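Reproduced below: upload.txt, with compact mmCIF, C-alpha atoms.
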```
# COMPACT_ATOMS: atom_id res chain seq x y z
CA MET U 1 45.15 178.38 -55.50
CA LYS U 2 41.52 177.28 -54.86
CA ILE U 3 39.15 177.36 -57.80
CA VAL U 4 35.54 177.91 -56.81
CA GLU U 5 33.06 176.40 -59.23
CA SER U 6 30.20 178.68 -60.01
CA GLY U 7 26.62 177.60 -59.48
CA SER U 8 25.85 177.69 -63.18
CA HIS U 9 28.65 175.21 -63.97
CA LEU U 10 27.41 172.76 -61.27
CA THR U 11 23.89 172.95 -62.57
CA ALA U 12 25.13 172.24 -66.07
CA ARG U 13 26.97 169.15 -64.89
CA ILE U 14 23.93 167.81 -63.03
CA LEU U 15 21.74 168.39 -66.07
CA SER U 16 24.30 166.58 -68.24
CA VAL U 17 24.25 163.55 -65.93
CA LEU U 18 20.45 163.51 -65.83
CA PHE U 19 20.31 163.80 -69.63
CA ALA U 20 22.73 160.87 -69.95
CA ILE U 21 20.61 158.75 -67.62
CA VAL U 22 17.43 159.60 -69.50
CA LEU U 23 19.12 158.84 -72.81
CA TRP U 24 20.40 155.53 -71.45
CA LEU U 25 16.92 154.61 -70.22
CA VAL U 26 15.37 155.48 -73.56
CA ILE U 27 17.88 153.27 -75.34
CA ILE U 28 17.46 150.41 -72.85
CA LEU U 29 13.67 150.55 -72.84
CA HIS U 30 13.48 150.52 -76.63
CA SER U 31 16.21 147.97 -77.27
CA THR U 32 15.39 144.27 -77.61
CA PHE U 33 16.66 141.68 -75.13
CA SER U 34 16.29 137.98 -74.34
CA TYR U 35 15.37 136.93 -70.82
CA GLU U 36 15.19 133.53 -69.12
CA VAL U 37 12.44 132.87 -66.59
CA SER U 38 10.77 129.94 -64.79
CA ILE U 39 6.97 129.77 -64.87
CA PRO U 40 4.55 127.27 -63.29
CA ILE U 41 2.93 124.45 -65.23
CA GLU U 42 -0.84 123.96 -65.28
CA TYR U 43 -2.34 120.72 -66.60
CA SER U 44 -5.61 120.51 -68.51
CA GLY U 45 -7.64 117.54 -69.66
CA PRO U 46 -7.86 114.69 -70.30
CA SER U 47 -10.48 114.39 -73.03
CA GLU U 48 -14.15 114.13 -72.12
CA GLY U 49 -15.04 110.60 -71.06
CA PHE U 50 -11.53 109.81 -69.84
CA ILE U 51 -9.68 110.18 -66.55
CA MET U 52 -6.09 110.18 -65.38
CA THR U 53 -5.07 107.10 -63.39
CA ASP U 54 -1.88 108.74 -62.13
CA SER U 55 -1.27 111.82 -60.04
CA TYR U 56 -0.26 114.94 -61.95
CA PRO U 57 3.49 114.95 -62.61
CA GLU U 58 5.68 116.36 -59.86
CA LYS U 59 7.26 118.79 -62.32
CA ALA U 60 5.87 122.19 -61.36
CA LEU U 61 8.04 124.68 -63.29
CA VAL U 62 9.43 125.02 -66.80
CA ASP U 63 12.26 127.30 -67.95
CA ILE U 64 11.58 129.44 -71.03
CA GLN U 65 13.35 132.21 -72.93
CA ILE U 66 11.32 135.27 -73.87
CA ARG U 67 12.26 138.24 -76.04
CA GLY U 68 11.04 141.82 -76.03
CA THR U 69 11.97 145.44 -75.48
CA GLY U 70 13.47 146.55 -72.22
CA ARG U 71 10.22 148.34 -71.41
CA ALA U 72 8.13 145.18 -72.04
CA LEU U 73 10.50 143.06 -69.94
CA LEU U 74 10.42 145.63 -67.12
CA VAL U 75 6.61 145.65 -67.10
CA PHE U 76 6.61 141.83 -67.18
CA SER U 77 8.96 141.63 -64.18
CA ILE U 78 6.93 144.11 -62.12
CA LYS U 79 3.62 142.35 -62.87
CA ARG U 80 5.16 138.96 -62.15
CA ILE U 81 6.19 140.11 -58.69
CA ARG U 82 2.64 141.29 -58.00
CA ASP U 83 0.82 138.26 -59.46
CA ARG U 84 2.81 135.19 -60.47
CA GLU U 85 -0.31 133.15 -61.30
CA GLN U 86 -1.10 135.16 -64.43
CA TYR U 87 1.94 133.68 -66.20
CA TYR U 88 1.95 129.94 -66.70
CA ALA U 89 2.51 127.11 -69.14
CA THR U 90 -0.38 124.83 -70.07
CA VAL U 91 0.19 121.13 -70.71
CA SER U 92 -2.85 119.62 -72.39
CA LEU U 93 -3.71 115.97 -71.78
CA ALA U 94 -6.60 116.13 -74.23
CA GLY U 95 -6.48 114.01 -77.34
CA PHE U 96 -5.59 110.76 -75.59
CA THR U 97 -8.55 108.50 -76.32
CA THR U 98 -7.07 105.07 -75.66
CA LYS U 99 -6.47 103.32 -72.37
CA GLY U 100 -2.89 103.04 -71.14
CA LYS U 101 0.27 105.08 -70.67
CA HIS U 102 0.83 108.13 -72.87
CA GLN U 103 3.87 110.35 -73.26
CA VAL U 104 3.46 114.09 -72.81
CA ASP U 105 6.18 116.30 -74.24
CA LEU U 106 6.91 119.63 -72.56
CA ASP U 107 8.24 120.96 -75.85
CA LYS U 108 4.64 121.31 -77.02
CA ILE U 109 3.28 123.31 -74.13
CA LYS U 110 1.32 126.52 -74.53
CA ILE U 111 2.79 129.60 -72.84
CA ASN U 112 0.48 132.22 -71.35
CA LEU U 113 2.18 135.58 -70.76
CA GLY U 114 -1.01 137.42 -69.85
CA ASP U 115 -1.54 140.76 -71.62
CA ASN U 116 2.15 141.21 -72.50
CA THR U 117 1.63 141.13 -76.27
CA ALA U 118 4.99 142.79 -76.85
CA LEU U 119 6.81 139.70 -75.59
CA VAL U 120 7.64 136.67 -77.69
CA VAL U 121 8.50 133.18 -76.45
CA GLU U 122 11.72 132.30 -78.25
CA ARG U 123 12.11 128.77 -76.98
CA ILE U 124 11.58 126.33 -74.16
CA LEU U 125 14.92 125.66 -72.51
CA GLU U 126 14.21 121.99 -71.87
CA ASN U 127 12.71 119.19 -73.87
CA ALA U 128 11.45 117.07 -70.98
CA PHE U 129 8.64 114.52 -71.15
CA PHE U 130 6.72 112.32 -68.77
CA SER U 131 4.10 109.55 -68.88
CA VAL U 132 0.52 109.62 -67.61
CA GLY U 133 -2.04 106.84 -67.34
CA ILE U 134 -5.36 107.42 -69.11
CA GLU U 135 -8.49 105.30 -68.76
CA ARG U 136 -12.09 105.58 -69.83
CA ILE U 137 -14.36 106.95 -67.10
CA ASP U 138 -17.73 105.53 -66.13
CA THR U 139 -20.48 105.96 -63.55
CA ARG U 140 -22.33 103.25 -61.64
CA SER U 141 -24.97 103.07 -58.94
CA ILE U 142 -23.54 101.03 -56.06
CA PRO U 143 -25.17 100.08 -52.72
CA VAL U 144 -23.71 101.14 -49.38
CA ASP U 145 -22.02 98.37 -47.36
CA LEU U 146 -23.93 97.97 -44.09
CA ASP U 147 -22.12 94.80 -42.99
CA ASN U 148 -18.72 96.40 -42.32
CA LEU U 149 -19.26 99.60 -40.40
CA PRO U 150 -16.61 101.73 -38.67
CA ASP U 151 -16.60 101.63 -34.86
CA PHE U 152 -19.49 103.35 -33.12
CA THR U 153 -21.01 103.22 -29.65
CA VAL U 154 -24.57 102.90 -28.36
CA GLU U 155 -25.94 104.81 -25.37
CA ASN U 156 -25.48 102.96 -22.07
CA GLY U 157 -28.45 100.76 -21.23
CA TYR U 158 -29.51 100.43 -24.87
CA VAL U 159 -28.74 97.98 -27.65
CA LEU U 160 -28.85 98.04 -31.45
CA VAL U 161 -31.72 96.25 -33.17
CA GLY U 162 -30.92 94.87 -36.63
CA LYS U 163 -28.95 96.73 -39.28
CA PRO U 164 -29.17 100.49 -39.77
CA GLN U 165 -30.96 101.95 -42.77
CA ALA U 166 -28.86 104.04 -45.15
CA LYS U 167 -30.39 107.12 -46.78
CA PRO U 168 -29.64 107.05 -49.62
CA GLY U 169 -28.82 103.35 -49.74
CA ILE U 170 -27.38 103.57 -53.27
CA VAL U 171 -24.84 106.18 -54.38
CA VAL U 172 -23.48 107.20 -57.77
CA VAL U 173 -19.79 106.37 -58.14
CA LYS U 174 -17.62 107.86 -60.88
CA GLY U 175 -14.15 106.66 -61.78
CA PRO U 176 -11.98 104.46 -64.04
CA VAL U 177 -13.86 101.57 -65.64
CA ASP U 178 -11.45 98.91 -64.36
CA THR U 179 -11.81 100.17 -60.79
CA LEU U 180 -15.61 100.33 -60.87
CA GLU U 181 -15.85 96.78 -62.21
CA THR U 182 -14.31 95.48 -58.98
CA MET U 183 -16.66 97.41 -56.69
CA ASN U 184 -19.79 95.70 -55.41
CA THR U 185 -20.44 97.98 -52.45
CA ILE U 186 -19.25 101.32 -51.10
CA LYS U 187 -17.78 101.19 -47.61
CA ILE U 188 -18.49 103.83 -45.02
CA SER U 189 -15.22 105.52 -44.10
CA SER U 190 -16.02 107.19 -40.79
CA PHE U 191 -18.62 108.72 -38.49
CA PRO U 192 -17.84 112.31 -37.43
CA ASN U 193 -20.04 111.63 -34.38
CA SER U 194 -19.90 107.94 -33.51
CA LYS U 195 -22.42 107.65 -30.64
CA VAL U 196 -25.99 106.47 -31.23
CA SER U 197 -28.58 107.46 -28.66
CA ILE U 198 -32.32 107.65 -28.21
CA LYS U 199 -32.16 111.40 -28.87
CA ASN U 200 -29.75 111.01 -31.77
CA PRO U 201 -30.45 107.75 -33.63
CA VAL U 202 -29.05 109.12 -36.92
CA LEU U 203 -25.34 109.27 -37.72
CA GLN U 204 -23.84 111.13 -40.65
CA ALA U 205 -21.38 108.88 -42.47
CA SER U 206 -18.53 109.80 -44.83
CA LEU U 207 -17.98 107.79 -47.99
CA GLY U 208 -15.03 107.11 -50.24
CA LYS U 209 -12.07 108.23 -48.11
CA ASP U 210 -10.46 104.83 -48.60
CA LEU U 211 -11.05 104.89 -52.35
CA SER U 212 -8.60 105.88 -55.05
CA GLU U 213 -8.22 109.64 -55.49
CA PHE U 214 -9.61 109.17 -58.99
CA VAL U 215 -12.94 107.79 -57.72
CA THR U 216 -15.72 110.09 -56.48
CA THR U 217 -19.10 109.44 -54.90
CA ASP U 218 -22.31 111.43 -55.12
CA PRO U 219 -23.25 112.20 -52.44
CA GLU U 220 -20.05 112.21 -50.38
CA THR U 221 -21.95 111.71 -47.11
CA ILE U 222 -25.09 109.76 -46.18
CA ASN U 223 -27.23 109.31 -43.07
CA LEU U 224 -27.53 106.03 -41.20
CA HIS U 225 -30.75 105.54 -39.24
CA PHE U 226 -30.31 103.17 -36.29
CA THR U 227 -33.01 101.44 -34.26
CA ILE U 228 -32.11 101.00 -30.60
CA GLU U 229 -34.06 99.68 -27.61
CA LYS U 230 -33.54 99.32 -23.90
CA LEU U 231 -31.20 96.48 -23.00
CA ALA U 232 -33.03 93.65 -21.20
CA GLN U 233 -31.83 90.43 -19.54
CA LYS U 234 -33.52 87.11 -18.99
CA ILE U 235 -32.63 83.58 -17.85
CA ILE U 236 -33.91 80.81 -20.13
CA THR U 237 -34.10 77.59 -18.11
CA GLY U 238 -34.22 73.97 -19.20
CA VAL U 239 -32.85 74.43 -22.72
CA PRO U 240 -32.43 70.84 -24.04
CA LEU U 241 -29.25 69.54 -25.69
CA VAL U 242 -29.59 68.86 -29.42
CA LEU U 243 -27.28 66.11 -30.77
CA LYS U 244 -26.10 66.67 -34.33
CA ASN U 245 -25.08 63.81 -36.69
CA PHE U 246 -24.99 61.16 -33.97
CA PRO U 247 -25.65 57.72 -35.55
CA ASP U 248 -28.59 55.65 -34.39
CA GLY U 249 -27.62 53.22 -31.68
CA ASN U 250 -24.75 55.38 -30.43
CA ILE U 251 -26.51 58.04 -28.41
CA PRO U 252 -24.56 58.70 -25.21
CA ASP U 253 -26.03 60.07 -22.03
CA PHE U 254 -25.09 63.67 -21.24
CA VAL U 255 -25.34 65.04 -17.74
CA PRO U 256 -27.16 67.31 -17.43
CA ASP U 257 -29.29 66.95 -20.56
CA SER U 258 -30.39 70.59 -20.44
CA ILE U 259 -28.81 73.89 -19.45
CA ASN U 260 -29.77 77.41 -18.39
CA VAL U 261 -28.77 80.41 -20.50
CA ALA U 262 -28.78 84.01 -19.28
CA VAL U 263 -29.21 86.32 -22.27
CA GLU U 264 -29.40 90.02 -22.97
CA GLY U 265 -30.64 92.01 -25.93
CA PRO U 266 -33.42 94.30 -27.13
CA GLU U 267 -36.33 94.36 -24.73
CA SER U 268 -38.88 93.54 -27.46
CA VAL U 269 -36.95 90.40 -28.42
CA VAL U 270 -35.73 89.15 -25.02
CA SER U 271 -39.09 89.49 -23.27
CA GLY U 272 -40.68 86.86 -25.48
CA LEU U 273 -37.81 84.35 -25.60
CA LYS U 274 -38.50 80.73 -24.68
CA SER U 275 -36.32 77.64 -24.46
CA ASP U 276 -37.37 76.70 -28.01
CA ASP U 277 -35.75 79.92 -29.29
CA VAL U 278 -32.31 78.90 -27.99
CA LEU U 279 -30.39 76.15 -29.79
CA VAL U 280 -27.81 74.24 -27.70
CA THR U 281 -25.89 71.79 -29.89
CA ILE U 282 -23.33 69.01 -29.45
CA ARG U 283 -21.72 67.79 -32.67
CA TYR U 284 -20.74 64.18 -33.21
CA GLN U 285 -17.32 64.90 -34.76
CA GLU U 286 -16.28 67.04 -31.80
CA PHE U 287 -17.61 64.34 -29.44
CA LEU U 288 -15.46 61.66 -31.15
CA ALA U 289 -12.34 63.86 -31.00
CA LEU U 290 -12.76 64.25 -27.23
CA ILE U 291 -13.36 60.52 -26.79
CA ALA U 292 -10.06 59.82 -28.60
CA GLN U 293 -8.30 62.13 -26.12
CA GLY U 294 -9.90 60.40 -23.14
CA VAL U 295 -11.88 63.52 -22.26
CA SER U 296 -15.37 63.12 -20.84
CA ILE U 297 -16.68 66.70 -20.85
CA ILE U 298 -17.78 68.86 -23.77
CA LYS U 299 -18.82 72.49 -24.25
CA PRO U 300 -22.09 72.86 -26.16
CA GLU U 301 -22.53 75.40 -28.95
CA ILE U 302 -25.07 78.14 -28.26
CA LYS U 303 -27.09 79.77 -31.04
CA LEU U 304 -29.36 82.72 -30.23
CA PRO U 305 -31.69 84.98 -32.20
CA GLU U 306 -30.15 88.00 -33.91
CA SER U 307 -29.30 90.92 -31.57
CA VAL U 308 -29.32 88.59 -28.53
CA THR U 309 -26.11 87.50 -26.76
CA ALA U 310 -25.39 84.97 -24.03
CA VAL U 311 -24.24 86.41 -20.70
CA THR U 312 -23.74 83.14 -18.81
CA VAL U 313 -24.34 79.45 -19.53
CA THR U 314 -24.97 77.11 -16.59
CA PRO U 315 -23.31 74.70 -16.68
CA ASP U 316 -20.97 75.67 -19.51
CA MET U 317 -19.74 72.05 -19.84
CA VAL U 318 -21.66 68.75 -19.77
CA LYS U 319 -20.36 65.29 -18.90
CA PHE U 320 -20.57 61.99 -20.74
CA SER U 321 -19.08 58.52 -20.28
CA ALA U 322 -15.56 58.16 -21.73
CA ASP U 323 -16.51 54.83 -23.39
CA SER U 324 -19.70 56.19 -24.90
CA GLY U 325 -18.22 56.27 -28.40
CA ASN U 326 -17.73 52.50 -28.32
CA ASN U 327 -21.35 51.65 -27.67
```
Give the structure from the file, written as structure tokens.
Amino acid sequence: MKIVESGSHLTARILSVLFAIVLWLVIILHSTFSYEVSIPIEYSGPSEGFIMTDSYPEKALVDIQIRGTGRALLVFSIKRIRDREQYYATVSLAGFTTKGKHQVDLDKIKINLGDNTALVVERILENAFFSVGIERIDTRSIPVDLDNLPDFTVENGYVLVGKPQAKPGIVVVKGPVDTLETMNTIKISSFPNSKVSIKNPVLQASLGKDLSEFVTTDPETINLHFTIEKLAQKIITGVPLVLKNFPDGNIPDFVPDSINVAVEGPESVVSGLKSDDVLVTIRYQEFLALIAQGVSIIKPEIKLPESVTAVTVTPDMVKFSADSGNN
């Protein structure tokens, strides 16, 4: 025999189930529970006048146990999904006022649970610690190094004249005292645009990229002003040999006794060069060493004004008598 359930009985059953669910939710939302969760660590400090000499610890999360009503924990979970950054643990590095390694204990961190005042942090589930280096910070004014520049090029047909001018030429450097005490100059790290031309004689230069991450410069970039001129060439003829440290009475004959030097450099410098501006030297000690080897030719040393280079030297070797050193 089939029993057909009336509509009123089915409705009553559905209402009973719904009532049970509501009652269960009321109990759950108002009951108190403990809940374990991992939250990110944020580091603050160190104290004013000090700086860390290590990177921040690799540890990024800490496990904690919180307690609250089901409703508070539900709200916490929903908000945490939407914005994890509002819940974090703060590790303070303030209070360390002596140089050296210091131990930081995670058991003393401050927990920020946002506006969830109904939640209580019961405990931190780990008692980890780590060490950080602390040093007193200082600032110094340090000149820019213009003797060791990164690679750059000059427009074809032109040549650099002298050193560039840095603006500013002195920068403010901030960092650990021990590090600053070893710094005499600040090196230029790179040129974003490394070609100097007549139309663009100024290069922007980056500073400090090769420095410790705990050292900063102000400003971080400077301008280098270059002076360039047209490249000129000239042949200087009849430049006499100059004998260095040869004793009296032992002056050998060199053939030829003068040479020709083809040079190139800035037009304003090269155009006025004379033989007196080029120094061609033969040194006595090198002369004796060649005599001992039975060699009778020697290559003179060439010294030119700044910004000028030798293209060719004719002849590049001069002769002398192999028994000259015995005179």
Find the spatial neighbours of Gly175 in chain U, counting all atoms listed in the file, within a cut-off of 12 Å - ignore same-chain residues fewer than 3 positions away - and output them as a PDB file with C-alpha atoms, in the frame of the given file.
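The resulting file, result_4.pdb, is reproduced below:
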```pdb
ATOM      1  CA  GLY U  49     -15.040 110.600 -71.060  1.00  0.00           C
ATOM      2  CA  PHE U  50     -11.530 109.810 -69.840  1.00  0.00           C
ATOM      3  CA  ILE U  51      -9.680 110.180 -66.550  1.00  0.00           C
ATOM      4  CA  MET U  52      -6.090 110.180 -65.380  1.00  0.00           C
ATOM      5  CA  THR U  53      -5.070 107.100 -63.390  1.00  0.00           C
ATOM      6  CA  ILE U 134      -5.360 107.420 -69.110  1.00  0.00           C
ATOM      7  CA  GLU U 135      -8.490 105.300 -68.760  1.00  0.00           C
ATOM      8  CA  ARG U 136     -12.090 105.580 -69.830  1.00  0.00           C
ATOM      9  CA  ILE U 137     -14.360 106.950 -67.100  1.00  0.00           C
ATOM     10  CA  ASP U 138     -17.730 105.530 -66.130  1.00  0.00           C
ATOM     11  CA  THR U 139     -20.480 105.960 -63.550  1.00  0.00           C
ATOM     12  CA  ARG U 140     -22.330 103.250 -61.640  1.00  0.00           C
ATOM     13  CA  SER U 141     -24.970 103.070 -58.940  1.00  0.00           C
ATOM     14  CA  VAL U 172     -23.480 107.200 -57.770  1.00  0.00           C
ATOM     15  CA  ASP U 178     -11.450  98.910 -64.360  1.00  0.00           C
ATOM     16  CA  THR U 179     -11.810 100.170 -60.790  1.00  0.00           C
ATOM     17  CA  LEU U 180     -15.610 100.330 -60.870  1.00  0.00           C
ATOM     18  CA  GLU U 181     -15.850  96.780 -62.210  1.00  0.00           C
ATOM     19  CA  THR U 182     -14.310  95.480 -58.980  1.00  0.00           C
ATOM     20  CA  MET U 183     -16.660  97.410 -56.690  1.00  0.00           C
ATOM     21  CA  GLY U 208     -15.030 107.110 -50.240  1.00  0.00           C
ATOM     22  CA  LEU U 211     -11.050 104.890 -52.350  1.00  0.00           C
ATOM     23  CA  SER U 212      -8.600 105.880 -55.050  1.00  0.00           C
ATOM     24  CA  GLU U 213      -8.220 109.640 -55.490  1.00  0.00           C
ATOM     25  CA  PHE U 214      -9.610 109.170 -58.990  1.00  0.00           C
ATOM     26  CA  VAL U 215     -12.940 107.790 -57.720  1.00  0.00           C
ATOM     27  CA  THR U 216     -15.720 110.090 -56.480  1.00  0.00           C
ATOM     28  CA  THR U 217     -19.100 109.440 -54.900  1.00  0.00           C
ATOM     29  CA  ASP U 218     -22.310 111.430 -55.120  1.00  0.00           C
TER      30      ASP U 218
END
```
Q: Considering all atoms listed in the file, return as a VMD selection string whatever protein or nucleic-acid residues lie within 12 Å of range 44-46 of chain U, sequence-local ones (same chain, fewer than 2 positions apart) excluded.
A: chain U and resid 41 to 42 48 to 54 56 89 to 99 102 104 109 to 110 132 to 137
(Q) Residues within 8 Å of (-28.3, 67.3, -19.2), file coordinates, counting only C-alpha atoms: what are they? Give the list as a PyMOL selection string. (A) chain U and resi 240-241+254-259+318
Hey, what's within 10 Å of Arg84 in chain U if we count all atoms listed in the file and toss same-chain stuff fewer than 6 positions away? As a compact mmCIF listing (two decimals) with C-alpha atoms, in the frame of the given file, please?
```txt
# COMPACT_ATOMS: atom_id res chain seq x y z
CA ILE U 39 6.97 129.77 -64.87
CA PRO U 40 4.55 127.27 -63.29
CA SER U 77 8.96 141.63 -64.18
CA ILE U 78 6.93 144.11 -62.12
```
Q) In terms of the shortest atom-to-atom distance over all atoms listed in the file, which of U:Val263, U:Glu85, U:Val278, U:Ile235 is closest to Lys303 in chain U? A) U:Val278
Q. Which residue gives the smallest distance to Gly100 in chain U among U:Ser38, U:Ser55, U:Ser131, U:Asn112, with all atoms listed in the file counted?
A.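 Smallest distance to Gly100 in chain U is found for U:Ser131.
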Q | Nearest residue to Phe287 in chain U from the set U:Val202, U:Val120, U:Leu74, U:Ile251 (distances using all atoms listed in the file) | A | U:Ile251
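Take the candidates U:Ser34, U:Gln165, U:Ser307, U:Thr185 and check each one against Gln204 in chain U using only C-alpha atoms; the shortest distance goes to U:Gln165.
For the pair CA of Ile21 in chain U and CA of Asp83 in chain U, the separation is 29.6 Å.
In this structure, CA of Ser31 in chain U sits 12.6 Å away from CA of Leu119 in chain U.
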Q: May I ask for the distance between CA of Leu273 in chain U and CA of Leu243 in chain U, given in Å to one decimal place?
A: 21.7 Å
Q | Non-local contacts of Asn223 in chain U (9 Å; all atoms listed in the file; under 2 positions in same chain excluded) as a list in words | A | Gln165, Ala166, Lys167, Pro168, Val202, Leu203, Gln204, Ala205, Ser206, Thr221 and His225 of chain U
Q) Looking at U:Tyr158, U:Phe76, U:Phe320, U:Phe152, which one is nearest to Ala118 in chain U, with distances taken over only C-alpha atoms? A)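 Of all the options, U:Phe76 lies closest to Ala118 in chain U.
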